[in-house]
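Remarks on the structure that follows.
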Amino acid sequence: MPKRTGFVAWYDRLISSFSIEDLFVRKRPPGPPRTIFINEPLPEDYYDHKQKVPKVLKEYQYPSNQIITSKYTLVTFLPRNLLEQFRRIANIFFLFIAILQFLPKFSTVSPGLVILPLIVVLGITAIKDGYEDIKRHQSDRVVNYSEIRVLDGPGYANHNAMAPKSKTFVRALKKRIGRGKKAEGGNRDGQALANPAPPEVLEEGNRQVINDKPEVEYDDDDANLSQHAAGPRPHWRHSTWEDLRVGDFIKIMDHESIPADVLICATSEDENVAFVETKNLDGETNLKSCNAVPALTHLRSAAACADPNNLFEVECDRPEVLMHKLNAAVVINGERYPVDLQTTLLRGTVLRNTSWVIGIVMYTGLDTKLVLNSGGTPSKRSKVERQMNPMVMANLLVLVAMGVACAIIDSALEHHYYPKQAPWLFDDNRGGDNPSINGLITLCWAFITFQNIVPISLYISIEAVRTCQAAFIYFDTAMYHEKTKSPALARTFTLSDDLGQIEYIFSDKTGTLTQNAMVFRRASVGGQTYIDEEPEETIADEKEKRSPHPSTGSGDMMSSGSDAGGPQETANAVDADHVQLSGGVLRHFRSSQLFREIEAAAADPRSSDRDRHGQFWTTLALCHTVLAGVDPRTGALEYKAQSPDEAALVQAAADTGFEFRGRDRDVLFLRTPFAREPLRFRLLNILEFTSARKRMSVLVRQLGEDGKPENGPILLLSKGADNVIFERLAPGGEELKAATEEQLDGFAHEGLRTLTLANRVVSEKEYNEWVKRYQNALAAIDDREEEVERVSDEIEQNLFLLGATAIEDKLQDGVPEAIADLKKAGIKIWVLTGDKLETAIAIGHSTNLIGRDANIIIIRGGGDDVSIYTQMLRAAEEYFPSSGIIDDPEVNAESLGARDAENAPPRGAQLYPLHRVSSGVTSLVGSQNGQRPGGYVLVIDGMALTDALGDETHKHLLLRLAMQCEGVVCCRVSPKQKALVVRLVKDGLDTMTLAIGDGANDVSMIQAADVGVGISGEEGLQAVNSSDYAIAQFRYLKRLLLVHGHWSYARNGNMINNFFYKNIICIGVLWWFMIYCGWSSAYVFEYTYLLFWNSFWTLCPVIAIGLFDRIIDDHVLMALPALYRYGREGKWFGEKLFAIFMLDGVVQSAVVFFIILYGYFSPSARDDGFDVAQNEFSITMAIAAAMAANLFNGLNTKVWTAWVFFAVFVGIVLIWAYTAIYSIIAPGWFVTHVYGNDHFLFRSALFWFGIPITVLLALLPRYLYEAWQFGFHPNDLDILRWNYKLKPNMSLIHDAYLRSEEHVNARTPTTPYSATAGPSGRPSTSAAQGSQIDMSTGMRSQSRGYNFAQEENGVAISRMQSNLSGVGPLAPIAERKGRGGSLLRSIRHPLRRKRPSSGLSEEH
């Protein structure tokens, strides 16, 4: 890891590391455990009885639900902003100089005029910072004033105490609730970007404001009563989020965001289940199911909640930052009922497919898990600015040295000449005027004379240039998303140059890389492949036809009810006209060959295709947890699934004619092309999917038409990962296995996610014996999961292979191409996602992050056998023996022994060596990895990261191991862990990082990275509001970095170097004059020439460099991403370049000063014999120095446009014009020291010859160096500029030659991306297959991404299991009556999820 040394390290340690946040942001420790009292007063010991009016003690006061993401308040704005600005050493110096000139002894001009530039610089920066923070306050206001229904009524009171709310930047007038108008139409995301939008509540573009409704709502059972007739009674009052209190009863409606961490009391669904979307927390778009606390399910109305007889307590543990941990209990009459995450709704989640939920607020504001996982708003400083501070410090040290030299020499000269009665030292024997004290006075004057060595205009110029660069980003039409009308937006103006130095990108997956929408692409049935023939253009059309509701379903359609009145009767799913596209599925599956075969099989009962297709598509249509419902608006059948993966599979089966028509408790309905009436299957058992099993199975039996079971066989239908299914196949059928495996390889090479299907017939005897063992396993107390897995595995053997499917997880437009080009640019990309490990690996393949020949090393937590440290150490020893990790003194290699070594089998028995495969895929991480074909990718889950990030020893090993791998994927990570991973790389490698995401779960990592980019996607705008840059699509990141980032860094670096140079040449001329003025710190120039140096004479050229210079055209940078290495490696700014420019300034100042000085004094320049006046030769020096500085800046500009011409010459014209006009101003107007100077200046030949000679000689060294560099040692940019000028129509991709090609090839693919794209437009690598090894088990398998996404151990699957027949006599199908019967209730209900298996023992 690189370590800074020398002066820069000292500066970073003492000054740069100083944190302003620590002064103004109090690190609030997690609150203590709490007891929430419901419908009962607080205990007496909660009060401070020392007060006249007893108040609740502070330890029992909970933080308000107000959230403030802004940096400043009205009180802290001035001190905090000033402290932030005075972190710049230059500002401290300017303040010192201004204060110095307030003293009469050192006054040059008006003191007010002296400090005015500093005030202007500080003021403009403060206004910009204040404007940005006001936008944050506006976003906070929208969140805090979002509305929620809170219990209120006569006799009800919440006695739990809350801390007072914080004061905001401006006084907020409370908005009237229920009177606002909801925005209609338009682009809400675009509006929010223009006027930064609220975070969580802008979910799906719907602002959570209850409009055009009364401020009080009554429950539905009271809807028919008049308020006046019934009198005051408990009701739901509309209140704001920030006014929520711990212990409040709240009512949340479908599609509303959760305002705090809430305990579920009751829901509208049967069995009090609720469904939430958690993508703002963990990035997963699958619905999660949760349930109410059983003891509180009677609290279904405002009246029940307010009933004083319903009193109880909620005992909660202290607020916990871990997303998957929550411990609490409900205490009723001394009995305790457990509360965990399964009975809790967390802030930031969104209620879906549930009409309403009544809950109790447990944690508010800063105590909620979402806020605990979010960092404070950071004060980010660009790397260029951080690098510039040591340079400014170095210049200040030079200034001090110059001042000390002047002071010592001046004092020595006065001591030498005073005894000799020197006339200029007359009367220098007073206390305030003597040779000794005059040395100190000279020191102060030297600081004033040479103060321009650190120009105050530099910082304001940088701010102005960066503001314009932000405008360039905003107006770039190539990054404008037409569909959403969203431009790219720079929310932080000070980081534009950081975009050109990024080395690591940390990306979220869902919504950032993928659309979380599926397309069924391929089906392999009995060895025959069927390809989707729908053109890509139909995706947009299908999207337009689809229901406008979110992919997780419509609450109106799927809600059910326990609420009074219930929903209106819906249509029967069995009799629906047709099947419409399901949410998350982009289009229908169409294969003319398949359809012809099925049509022929339907006409010929003896056809062999009938059995082949029937078994395959029946398995696909029945082996799932999907629910079917009827859209009341269209009358069409629509599938509701936990994930779009399952929806796409069932949708594809329906598209081929095998339509799943819903379920009635344990009976499944299936319409096929081979039967007129829907087939009925009894669902006997569901063998659940888990990450360890990698498969799902169902046991079904077909029923007769009258509802009675036939004596037919029991069928086991299975689907899962190919390696898991292939291990369990019956002997034989090798030809089909080989054909299917070859097809699976082809699917995987196209970046598709595969799934293998199999089935078998189970005899009655085998099933009866097995189901008894299965029920015993479910009822086991010890090792229940292992027993269930073992018994399930017994029956999932000797399967018959049916075929395979391939689904495309639709990526965001241009994602693979963008990632491929960013990798060519040498940028390392890590994926940090909350999704499952398998899903993350599959997306890694499809986005080209993981090559098909890459070997995947999996570090998995949660087991006790092998520690995380040992897993990482074994991976380092086994696969990177020459990396030096084991020999690293900071690595504890001894941990390979002891307990872990005893528990682990011998290396050869368990750890299988991964063999590298010849391939063109090269390095993404690590300097040598790209030269080893195949490469390794590290995949680590969230539980493992908990240990790996736990201490410095683990962190060091994790970082060393990650650097040896070509890619890193972190899955199942919490928002906090995302930020910790970013900081691990950022601080551990001292490198530039960028984080990109689109959800609230990405905020922490966006804030932790050097640059945060938010995508204005479907997960709300929380990420955008916390980001530094906002874009509409991931693909725009390529242009943002490769063009705008590279340009900005090159421009700003060049501008700053030239800024320092132009001031050094001026200061140099003043310094050389000290030799001839007795080192008295006197000015050689007339003061106004020095005053206007940085404002009129030399400002425009450096501004033009910052705004208009281009190292090369944008299309070249886009076509050749490898050029980005110049920025990534810091070629455009650094200590070396700074020293070169400083040396240039010193040399040129010497040329200007001495040539003109000796020209004017050898002999006199005057024709009258008199000696020249100081202003004659000094003004010549000033003009020559200004011309040299401007032309030197022009010489360092790569592209000369009209603006550059204007900027270079405007300063020259101004100084000439000023000299001519200023010297003819008569004393009658005001006194000047140069009146009449034109009479001597412009008539002198030395003036006319001296200026061009000195300017040319001053520029000659740089010109010769540039000419030699371009002619004999050009870099890639020089070659490209020249060739493109000669051959503007050349093909950059094929004809461009980079001299740094060997260096670039160590990091980039050698094969063009387009040459290996598969049919779906995805990257396709060579036919070689990599492997994946699980370091926790030593298990090795072939790496193919399979599509399987279900909630594990959720409530929904338990509800399905509770309706299964299991063993025993099969009951007849119940008649549907009443409110629609169980079938319609099933249709109405949204997708059910699985509950821990502990609750299943009595259900089977």
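The chains in the structure tokens are called A, B, ... from first to last as shown; in each chain the residues are counted from 1, and the ligands are counted from 1 in the order shown.
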Please identify every residue of region 43-113 of chain A that has at least one atom no farther than 10 Å from an atom of region 391-400 of chain A, counting only C-alpha atoms, and for each give the shortest atom pair and the distance in Å to one decimal, arranged by chain then increasing number, as CSV.
residue,atom,partner,partner_atom,distance
A:Arg88,CA,A:Val392,CA,8.7
A:Ile89,CA,A:Met393,CA,6.7
A:Ala90,CA,A:Val392,CA,6.5
A:Phe93,CA,A:Leu396,CA,8.2
**Report entry** Phe94 (chain A) environment, 9 Å, only C-alpha atoms, sequence neighbours closer than 6 positions dropped, as a list in words
**Finding:**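 In the requested form, the answer reads Ile115, Leu118, Gln451, Val454, Pro455 and Ile456 of chain A.
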Query raised in the report: Taking the backbone alone, and naming residues the way the document does, which bits of region 972-1043 of chain A are strand (DSSP E or B) by DSSP, as a ChimeraX atom specification?
Result: /A:993-997,1011-1015,1029-1031
Would you mind exporting the chosen residues as a short mmCIF file (atom, residue, chain, number, x, y, z; two decimals), in the first residue's frame, restricted to N, CA and C atoms?
data_model
loop_
_atom_site.label_atom_id
_atom_site.label_comp_id
_atom_site.auth_asym_id
_atom_site.auth_seq_id
_atom_site.Cartn_x
_atom_site.Cartn_y
_atom_site.Cartn_z
N THR A 993 -11.90 6.93 -5.26
CA THR A 993 -13.03 6.02 -5.35
C THR A 993 -14.28 6.76 -5.79
N LEU A 994 -15.14 6.03 -6.47
CA LEU A 994 -16.45 6.55 -6.88
C LEU A 994 -17.49 5.49 -6.54
N ALA A 995 -18.58 5.90 -5.94
CA ALA A 995 -19.69 5.00 -5.63
C ALA A 995 -20.92 5.45 -6.39
N ILE A 996 -21.63 4.49 -6.96
CA ILE A 996 -22.81 4.81 -7.75
C ILE A 996 -23.96 3.91 -7.34
N GLY A 997 -25.12 4.49 -7.14
CA GLY A 997 -26.30 3.73 -6.75
C GLY A 997 -27.54 4.56 -6.95
N VAL A 1011 -16.17 10.49 -4.71
CA VAL A 1011 -17.21 11.04 -5.57
C VAL A 1011 -18.42 10.11 -5.49
N GLY A 1012 -19.58 10.67 -5.25
CA GLY A 1012 -20.80 9.89 -5.20
C GLY A 1012 -21.70 10.24 -6.37
N VAL A 1013 -22.18 9.23 -7.06
CA VAL A 1013 -23.05 9.42 -8.22
C VAL A 1013 -24.38 8.74 -7.94
N GLY A 1014 -25.45 9.48 -8.06
CA GLY A 1014 -26.79 8.93 -7.87
C GLY A 1014 -27.50 8.78 -9.20
N ILE A 1015 -28.24 7.70 -9.32
CA ILE A 1015 -29.03 7.46 -10.53
C ILE A 1015 -30.49 7.71 -10.20
N TYR A 1029 -23.05 13.90 -8.04
CA TYR A 1029 -23.48 13.99 -9.44
C TYR A 1029 -24.68 13.08 -9.63
N ALA A 1030 -25.61 13.51 -10.45
CA ALA A 1030 -26.81 12.73 -10.72
C ALA A 1030 -26.90 12.48 -12.22
N ILE A 1031 -27.08 11.22 -12.58
CA ILE A 1031 -27.26 10.84 -13.97
C ILE A 1031 -28.47 9.92 -14.05
#
Shell of 12 Å around Leu113 (chain A), only C-alpha atoms, local chain residues under 5 positions omitted, as a PDB file with N, CA, C and O atoms, in the first residue's frame:
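Heads up, here's the output in around-v5.pdb:
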ATOM      1  N   ALA A  98      -3.849  40.769   5.339  1.00  0.00           N
ATOM      2  CA  ALA A  98      -4.835  41.856   5.445  1.00  0.00           C
ATOM      3  C   ALA A  98      -4.765  42.528   6.814  1.00  0.00           C
ATOM      4  O   ALA A  98      -4.804  43.764   6.928  1.00  0.00           O
ATOM      5  N   ILE A  99      -4.666  41.716   7.864  1.00  0.00           N
ATOM      6  CA  ILE A  99      -4.555  42.288   9.211  1.00  0.00           C
ATOM      7  C   ILE A  99      -3.283  43.118   9.335  1.00  0.00           C
ATOM      8  O   ILE A  99      -3.272  44.198   9.945  1.00  0.00           O
ATOM      9  N   GLN A 101      -1.766  44.808   7.052  1.00  0.00           N
ATOM     10  CA  GLN A 101      -1.872  46.093   6.352  1.00  0.00           C
ATOM     11  C   GLN A 101      -2.861  47.036   7.012  1.00  0.00           C
ATOM     12  O   GLN A 101      -2.976  48.198   6.608  1.00  0.00           O
ATOM     13  N   PHE A 102      -3.594  46.560   8.022  1.00  0.00           N
ATOM     14  CA  PHE A 102      -4.423  47.464   8.804  1.00  0.00           C
ATOM     15  C   PHE A 102      -3.566  48.317   9.745  1.00  0.00           C
ATOM     16  O   PHE A 102      -4.007  49.348  10.220  1.00  0.00           O
ATOM     17  N   SER A 107       0.716  50.032   5.912  1.00  0.00           N
ATOM     18  CA  SER A 107      -0.414  50.345   5.035  1.00  0.00           C
ATOM     19  C   SER A 107       0.079  50.679   3.642  1.00  0.00           C
ATOM     20  O   SER A 107       1.030  51.456   3.471  1.00  0.00           O
ATOM     21  N   THR A 108      -0.552  50.071   2.653  1.00  0.00           N
ATOM     22  CA  THR A 108      -0.216  50.355   1.251  1.00  0.00           C
ATOM     23  C   THR A 108      -1.325  51.156   0.588  1.00  0.00           C
ATOM     24  O   THR A 108      -1.097  52.214   0.019  1.00  0.00           O
ATOM     25  N   LEU A 118     -10.368  39.191  -0.054  1.00  0.00           N
ATOM     26  CA  LEU A 118     -10.590  38.033   0.804  1.00  0.00           C
ATOM     27  C   LEU A 118     -12.063  37.892   1.149  1.00  0.00           C
ATOM     28  O   LEU A 118     -12.615  36.785   1.144  1.00  0.00           O
ATOM     29  N   ILE A 119     -12.706  39.027   1.443  1.00  0.00           N
ATOM     30  CA  ILE A 119     -14.136  38.985   1.762  1.00  0.00           C
ATOM     31  C   ILE A 119     -14.939  38.485   0.570  1.00  0.00           C
ATOM     32  O   ILE A 119     -15.880  37.695   0.708  1.00  0.00           O
ATOM     33  N   VAL A 120     -14.563  38.932  -0.619  1.00  0.00           N
ATOM     34  CA  VAL A 120     -15.264  38.501  -1.830  1.00  0.00           C
ATOM     35  C   VAL A 120     -15.106  36.988  -2.019  1.00  0.00           C
ATOM     36  O   VAL A 120     -16.071  36.266  -2.303  1.00  0.00           O
ATOM     37  N   LEU A1091      -0.872  45.443  -8.385  1.00  0.00           N
ATOM     38  CA  LEU A1091      -2.252  45.273  -7.922  1.00  0.00           C
ATOM     39  C   LEU A1091      -3.116  44.614  -8.982  1.00  0.00           C
ATOM     40  O   LEU A1091      -3.980  43.787  -8.677  1.00  0.00           O
TER      41      LEU A1091
END
Requested in this report: Would you list the contacts of Leu802 (chain A) as a PyMOL selection string, taking every protein, DNA or RNA residue within 7 Å and counting only C-alpha atoms, but skipping same-chain residues closer than 6 positions in sequence?
Outcome: chain A and resi 525-526+616+757-758
Residue neighbourhood Cys623 (chain A), 9 Å, only C-alpha atoms, exclusion window fewer than 4 positions, as a PDB file with all heavy atoms, in the first residue's frame:
ATOM      1  N   THR A 618     -45.293 -28.378 -17.960  1.00  0.00           N
ATOM      2  CA  THR A 618     -46.085 -28.587 -16.745  1.00  0.00           C
ATOM      3  C   THR A 618     -45.224 -28.368 -15.509  1.00  0.00           C
ATOM      4  O   THR A 618     -45.653 -27.740 -14.536  1.00  0.00           O
ATOM      5  CB  THR A 618     -46.678 -30.001 -16.733  1.00  0.00           C
ATOM      6  OG1 THR A 618     -47.595 -30.145 -17.834  1.00  0.00           O
ATOM      7  CG2 THR A 618     -47.432 -30.263 -15.434  1.00  0.00           C
ATOM      8  N   THR A 619     -43.996 -28.883 -15.534  1.00  0.00           N
ATOM      9  CA  THR A 619     -43.077 -28.650 -14.409  1.00  0.00           C
ATOM     10  C   THR A 619     -42.816 -27.159 -14.229  1.00  0.00           C
ATOM     11  O   THR A 619     -42.828 -26.635 -13.107  1.00  0.00           O
ATOM     12  CB  THR A 619     -41.749 -29.389 -14.647  1.00  0.00           C
ATOM     13  OG1 THR A 619     -42.012 -30.795 -14.753  1.00  0.00           O
ATOM     14  CG2 THR A 619     -40.775 -29.131 -13.521  1.00  0.00           C
ATOM     15  N   VAL A 650     -43.047 -18.654 -15.209  1.00  0.00           N
ATOM     16  CA  VAL A 650     -44.462 -19.021 -15.299  1.00  0.00           C
ATOM     17  C   VAL A 650     -45.107 -18.314 -16.482  1.00  0.00           C
ATOM     18  O   VAL A 650     -45.983 -18.875 -17.159  1.00  0.00           O
ATOM     19  CB  VAL A 650     -45.174 -18.684 -13.975  1.00  0.00           C
ATOM     20  CG1 VAL A 650     -46.639 -19.091 -14.032  1.00  0.00           C
ATOM     21  CG2 VAL A 650     -44.493 -19.394 -12.812  1.00  0.00           C
ATOM     22  N   ILE A 686     -44.083 -28.928  -0.515  1.00  0.00           N
ATOM     23  CA  ILE A 686     -43.147 -27.992  -1.141  1.00  0.00           C
ATOM     24  C   ILE A 686     -41.809 -28.132  -0.436  1.00  0.00           C
ATOM     25  O   ILE A 686     -41.714 -27.942   0.771  1.00  0.00           O
ATOM     26  CB  ILE A 686     -43.640 -26.535  -1.023  1.00  0.00           C
ATOM     27  CG1 ILE A 686     -45.002 -26.364  -1.704  1.00  0.00           C
ATOM     28  CG2 ILE A 686     -42.620 -25.584  -1.629  1.00  0.00           C
ATOM     29  CD1 ILE A 686     -45.583 -24.976  -1.540  1.00  0.00           C
ATOM     30  N   MET A 696     -35.580 -26.166  -5.896  1.00  0.00           N
ATOM     31  CA  MET A 696     -36.907 -26.203  -5.298  1.00  0.00           C
ATOM     32  C   MET A 696     -37.658 -27.374  -5.928  1.00  0.00           C
ATOM     33  O   MET A 696     -37.511 -27.650  -7.127  1.00  0.00           O
ATOM     34  CB  MET A 696     -37.650 -24.904  -5.558  1.00  0.00           C
ATOM     35  CG  MET A 696     -39.107 -24.925  -5.131  1.00  0.00           C
ATOM     36  SD  MET A 696     -40.012 -23.491  -5.718  1.00  0.00           S
ATOM     37  CE  MET A 696     -41.644 -23.872  -5.113  1.00  0.00           C
ATOM     38  N   SER A 697     -38.458 -28.043  -5.106  1.00  0.00           N
ATOM     39  CA  SER A 697     -39.249 -29.175  -5.618  1.00  0.00           C
ATOM     40  C   SER A 697     -40.653 -29.112  -5.046  1.00  0.00           C
ATOM     41  O   SER A 697     -40.864 -28.586  -3.945  1.00  0.00           O
ATOM     42  CB  SER A 697     -38.603 -30.518  -5.241  1.00  0.00           C
ATOM     43  OG  SER A 697     -37.314 -30.637  -5.779  1.00  0.00           O
ATOM     44  N   VAL A 698     -41.598 -29.643  -5.817  1.00  0.00           N
ATOM     45  CA  VAL A 698     -42.967 -29.815  -5.324  1.00  0.00           C
ATOM     46  C   VAL A 698     -43.403 -31.240  -5.629  1.00  0.00           C
ATOM     47  O   VAL A 698     -42.972 -31.847  -6.616  1.00  0.00           O
ATOM     48  CB  VAL A 698     -43.949 -28.817  -5.967  1.00  0.00           C
ATOM     49  CG1 VAL A 698     -43.595 -27.398  -5.585  1.00  0.00           C
ATOM     50  CG2 VAL A 698     -43.993 -28.982  -7.485  1.00  0.00           C
ATOM     51  N   LEU A 699     -44.239 -31.775  -4.750  1.00  0.00           N
ATOM     52  CA  LEU A 699     -44.846 -33.093  -4.962  1.00  0.00           C
ATOM     53  C   LEU A 699     -46.320 -32.874  -5.208  1.00  0.00           C
ATOM     54  O   LEU A 699     -47.022 -32.255  -4.388  1.00  0.00           O
ATOM     55  CB  LEU A 699     -44.623 -33.982  -3.746  1.00  0.00           C
ATOM     56  CG  LEU A 699     -43.175 -34.476  -3.611  1.00  0.00           C
ATOM     57  CD1 LEU A 699     -42.664 -34.282  -2.206  1.00  0.00           C
ATOM     58  CD2 LEU A 699     -43.076 -35.936  -4.032  1.00  0.00           C
ATOM     59  N   LEU A 717     -41.633 -32.660  -9.043  1.00  0.00           N
ATOM     60  CA  LEU A 717     -41.200 -31.678 -10.032  1.00  0.00           C
ATOM     61  C   LEU A 717     -40.110 -30.821  -9.404  1.00  0.00           C
ATOM     62  O   LEU A 717     -40.306 -30.238  -8.330  1.00  0.00           O
ATOM     63  CB  LEU A 717     -42.373 -30.795 -10.470  1.00  0.00           C
ATOM     64  CG  LEU A 717     -43.672 -31.521 -10.855  1.00  0.00           C
ATOM     65  CD1 LEU A 717     -44.751 -30.498 -11.225  1.00  0.00           C
ATOM     66  CD2 LEU A 717     -43.427 -32.493 -12.000  1.00  0.00           C
ATOM     67  N   SER A 718     -38.954 -30.739 -10.056  1.00  0.00           N
ATOM     68  CA  SER A 718     -37.804 -30.027  -9.492  1.00  0.00           C
ATOM     69  C   SER A 718     -37.229 -29.053 -10.502  1.00  0.00           C
ATOM     70  O   SER A 718     -37.259 -29.285 -11.721  1.00  0.00           O
ATOM     71  CB  SER A 718     -36.704 -31.014  -9.071  1.00  0.00           C
ATOM     72  OG  SER A 718     -37.152 -31.882  -8.065  1.00  0.00           O
ATOM     73  N   LYS A 719     -36.693 -27.954  -9.970  1.00  0.00           N
ATOM     74  CA  LYS A 719     -35.929 -27.014 -10.782  1.00  0.00           C
ATOM     75  C   LYS A 719     -34.807 -26.467  -9.907  1.00  0.00           C
ATOM     76  O   LYS A 719     -34.948 -26.348  -8.684  1.00  0.00           O
ATOM     77  CB  LYS A 719     -36.803 -25.878 -11.301  1.00  0.00           C
ATOM     78  CG  LYS A 719     -37.365 -24.958 -10.229  1.00  0.00           C
ATOM     79  CD  LYS A 719     -38.200 -23.851 -10.845  1.00  0.00           C
ATOM     80  CE  LYS A 719     -38.754 -22.914  -9.759  1.00  0.00           C
ATOM     81  NZ  LYS A 719     -39.596 -21.841 -10.320  1.00  0.00           N
TER      82      LYS A 719
END
Query - Glu40 (chain A) surroundings by only C-alpha atoms, 9 Å radius, close-in-sequence under 3 positions cut, as a ChimeraX atom specification - result: /A:37,157-159,308,311-313
Grab the residues selected above and save them as a compact mmCIF listing (two decimals), in the first residue's frame with N, CA, C and O atoms.
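As written to disk, again27.txt reads:
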# COMPACT_ATOMS: atom_id res chain seq x y z
N PHE A 37 -44.55 2.37 26.88
CA PHE A 37 -45.79 2.13 27.63
C PHE A 37 -46.98 2.51 26.76
O PHE A 37 -47.09 3.65 26.28
N ALA A 157 -54.02 9.07 25.18
CA ALA A 157 -52.80 9.87 25.27
C ALA A 157 -51.60 8.95 25.21
O ALA A 157 -51.61 7.84 25.74
N ASN A 158 -50.57 9.42 24.53
CA ASN A 158 -49.28 8.73 24.47
C ASN A 158 -48.35 9.40 25.47
O ASN A 158 -47.95 10.55 25.28
N HIS A 159 -48.00 8.72 26.54
CA HIS A 159 -47.22 9.32 27.63
C HIS A 159 -45.72 9.23 27.41
O HIS A 159 -44.97 9.83 28.20
N PRO A 308 -58.65 1.86 26.81
CA PRO A 308 -57.72 1.84 27.96
C PRO A 308 -57.52 0.46 28.55
O PRO A 308 -56.56 0.24 29.30
N LEU A 311 -53.90 -2.29 27.56
CA LEU A 311 -52.64 -1.70 28.01
C LEU A 311 -51.57 -2.78 28.07
O LEU A 311 -51.83 -3.91 28.46
N PHE A 312 -50.36 -2.40 27.64
CA PHE A 312 -49.24 -3.34 27.63
C PHE A 312 -47.95 -2.53 27.48
O PHE A 312 -47.97 -1.30 27.34
N GLU A 313 -46.86 -3.24 27.50
CA GLU A 313 -45.55 -2.61 27.37
C GLU A 313 -44.78 -3.30 26.26
O GLU A 313 -44.98 -4.48 25.98
Query - Expected answer as an MDAnalysis selection string: alpha helix (DSSP H) residues in region 337-492 of chain A - result: chainID A and resid 369:372 383:417 435:449 457:474
Report task. Name all residues at most 9 Å from Trp770 (chain A) (count only C-alpha atoms; drop same-chain ones fewer than 6 positions away) and give them as a list in words. Result ->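 Close residues of Trp770 (chain A): Val791, Ser792, Glu794 and Ile795 of chain A.
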Could you take the residues named above and write them with N, CA, C and O atoms, as a PDB file, in the first residue's frame?
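To be explicit, this is the file written out as result-v8.pdb:
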ATOM      1  N   VAL A 791     -33.627 -35.175   4.646  1.00  0.00           N
ATOM      2  CA  VAL A 791     -34.798 -35.939   4.205  1.00  0.00           C
ATOM      3  C   VAL A 791     -35.260 -35.475   2.830  1.00  0.00           C
ATOM      4  O   VAL A 791     -35.675 -36.292   1.988  1.00  0.00           O
ATOM      5  N   SER A 792     -35.196 -34.192   2.570  1.00  0.00           N
ATOM      6  CA  SER A 792     -35.574 -33.687   1.240  1.00  0.00           C
ATOM      7  C   SER A 792     -34.664 -34.265   0.178  1.00  0.00           C
ATOM      8  O   SER A 792     -35.103 -34.607  -0.932  1.00  0.00           O
ATOM      9  N   GLU A 794     -33.295 -37.067   0.142  1.00  0.00           N
ATOM     10  CA  GLU A 794     -33.567 -38.489  -0.093  1.00  0.00           C
ATOM     11  C   GLU A 794     -34.515 -38.698  -1.265  1.00  0.00           C
ATOM     12  O   GLU A 794     -34.332 -39.629  -2.058  1.00  0.00           O
ATOM     13  N   ILE A 795     -35.544 -37.861  -1.350  1.00  0.00           N
ATOM     14  CA  ILE A 795     -36.541 -38.073  -2.402  1.00  0.00           C
ATOM     15  C   ILE A 795     -36.153 -37.391  -3.702  1.00  0.00           C
ATOM     16  O   ILE A 795     -36.662 -37.742  -4.772  1.00  0.00           O
TER      17      ILE A 795
END
